[in-house]
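A.B. asks: Here it is, the structure, as structure tokens.
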Amino acid sequence: MDINVHSAFLPHDDADAALNFYRDILGFEVRNDVAYGDLRWITVGPAGGAGTSIVLHPPAADPGITDDERRTITEMMAKGTYSTVTLATADLDATFARLEAAGADVVQEPVDQPYGVRDCAFRDPAGNLIRVNELS
């Protein structure tokens with residue numbers, strides 16, 4: 001069977017701030033940008049068009065959640081506990097230095113983890129945790 005991850009979804013609460021982070025700081029290309037009224041879905045991914053995309057979406061757009069659930073999601077996003085994505089790079093120290101210099105919100109500097117990976121972590125403007133693993 002040939003199955004791949006096509007896209008992952010992360011919430012945003014400010015489309016322009018999300019675009020600035022993912023396009024201008026991480027260097028991802030914008031693959032799609034769709035507006036519907038005041039709502040906006042932005043699809044980004046590594047330059048070159050190959051691989052998995054991240055769809056940045058407005059969490060309030062889901063018609064299947066209640067007002068209480070929306071409040072909970074908003075609170076969890078503000079605390080940075082709602083969503084996480086793990087990226088990978090061949091040179092963690094250089095990537096960390098570039099992202100830190102660009103103003104990314106540092107959560108954890110590069111470190112060798114006891115579970116076998118070397119990684120660092122940032123938060124995007126919506127509070128999503130962005131972990132970056134070093135490829136070995």
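So you can find residues: chains in the structure tokens are A, B, ... in the order shown, residues in each start at 1, and ligands are numbered from 1 in order.
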Set the distance at 9 Å and use only C-alpha atoms: which residues neighbour region 41-53 of chain A once local chain neighbours fewer than 6 positions away are removed? I'd like the list as a ChimeraX atom specification.
C.D. replies: /A:4-9,12,15,18-19,22-23,26-35
A.B. asks: For CA of Ala61 (chain A) and CA of Thr86 (chain A), quote the distance in Å rounded to one decimal.
C.D. replies: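 According to the coordinates, CA of Ala61 (chain A) and CA of Thr86 (chain A) are separated by 24.4 Å.
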A.B. asks: Would you list the contacts of Phe122 (chain A) as a PDB file with C-alpha atoms, in the first residue's frame, taking every protein, DNA or RNA residue within 10 Å and counting only C-alpha atoms, but skipping same-chain residues closer than 4 positions in sequence?
C.D. replies:
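Listed below is the output, result-v2.pdb:
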ATOM      1  CA  PHE A  96      17.728  27.603  15.420  1.00  0.00           C
ATOM      2  CA  LEU A  99      14.711  31.412  13.452  1.00  0.00           C
ATOM      3  CA  GLU A 100      15.782  33.097  16.686  1.00  0.00           C
ATOM      4  CA  ALA A 104      10.559  33.462  16.449  1.00  0.00           C
ATOM      5  CA  ASP A 105       9.265  32.819  19.981  1.00  0.00           C
ATOM      6  CA  VAL A 106      11.850  30.422  21.466  1.00  0.00           C
ATOM      7  CA  VAL A 107      10.508  27.725  23.796  1.00  0.00           C
ATOM      8  CA  GLN A 108      13.584  25.502  23.949  1.00  0.00           C
ATOM      9  CA  GLU A 109      17.122  25.907  22.663  1.00  0.00           C
ATOM     10  CA  GLY A 127       0.627  29.469  20.231  1.00  0.00           C
ATOM     11  CA  ASN A 128       1.106  26.216  18.306  1.00  0.00           C
ATOM     12  CA  LEU A 129       4.235  24.371  19.414  1.00  0.00           C
ATOM     13  CA  ILE A 130       6.722  23.949  16.580  1.00  0.00           C
ATOM     14  CA  ARG A 131       9.391  21.363  17.398  1.00  0.00           C
ATOM     15  CA  VAL A 132      12.386  21.009  15.072  1.00  0.00           C
TER      16      VAL A 132
END
A.B. asks: Find the distance between CA of Arg40 (chain A) and CA of Leu10 (chain A) and write it in Å to one decimal.
C.D. replies: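 CA of Arg40 (chain A) sits 12.5 Å away from CA of Leu10 (chain A).
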A.B. asks: List every residue of region 38-114 of chain A that DSSP, applied to the backbone, labels as strand (DSSP E), and write the result as JSON, numbers by chain.
C.D. replies: {"A": [39, 40, 41, 42, 43, 44, 45, 53, 54, 55, 56, 57, 84, 85, 86, 87, 88, 89, 105, 106, 107, 108, 109, 110, 111, 112]}
A.B. asks: Name the residues of region 69-136 of chain A that fall into helix (DSSP H, G or I) according to DSSP on the backbone, using the chain letters and numbers of this document, as an mmCIF file with C-alpha atoms, in the first residue's frame.
C.D. replies:
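Final output, states16.cif:
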data_model
loop_
_atom_site.group_PDB
_atom_site.id
_atom_site.type_symbol
_atom_site.label_atom_id
_atom_site.label_comp_id
_atom_site.auth_asym_id
_atom_site.auth_seq_id
_atom_site.Cartn_x
_atom_site.Cartn_y
_atom_site.Cartn_z
ATOM 1 C CA GLU A 69 -15.637 23.962 22.765
ATOM 2 C CA ARG A 70 -14.613 27.096 20.833
ATOM 3 C CA ARG A 71 -13.791 28.820 24.145
ATOM 4 C CA THR A 72 -11.751 25.817 25.250
ATOM 5 C CA ILE A 73 -9.857 25.760 21.957
ATOM 6 C CA THR A 74 -9.143 29.493 22.233
ATOM 7 C CA GLU A 75 -7.890 29.050 25.806
ATOM 8 C CA MET A 76 -5.687 26.096 24.853
ATOM 9 C CA MET A 77 -4.256 27.981 21.874
ATOM 10 C CA ALA A 78 -3.400 30.921 24.158
ATOM 11 C CA LYS A 79 -1.551 28.536 26.517
ATOM 12 C CA LEU A 92 19.609 22.201 13.916
ATOM 13 C CA ASP A 93 22.003 24.822 15.285
ATOM 14 C CA ALA A 94 21.963 26.889 12.074
ATOM 15 C CA THR A 95 18.177 26.578 11.786
ATOM 16 C CA PHE A 96 17.728 27.603 15.420
ATOM 17 C CA ALA A 97 20.025 30.626 14.990
ATOM 18 C CA ARG A 98 18.158 31.747 11.856
ATOM 19 C CA LEU A 99 14.711 31.412 13.452
ATOM 20 C CA GLU A 100 15.782 33.097 16.686
ATOM 21 C CA ALA A 101 17.350 35.991 14.731
#
A.B. asks: So the first atom is CA of Gly103 (chain A) and the second is CA of Thr81 (chain A); what is the distance between them in Å, to one decimal place?
C.D. replies: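 Between CA of Gly103 (chain A) and CA of Thr81 (chain A) the gap is 20.9 Å.
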A.B. asks: Need the shell around Glu134 (chain A): protein/DNA/RNA residues with any atom at most 8 Å away, counting only C-alpha atoms. Skip same-chain ones fewer than 3 positions apart. Format as a list of chain:residue names?
C.D. replies: A:Ala88, A:Thr89, A:Ala90, A:Asp91, A:Leu92, A:Val117, A:Arg118, A:Asp119
A.B. asks: Measuring atom to atom with only C-alpha atoms, identify which of A:Tyr36, A:Asp68, A:His57, A:Ala102 is nearest to Asp24 (chain A).
C.D. replies: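 Using only C-alpha atoms, Asp24 (chain A) sits closest to A:Ala102.
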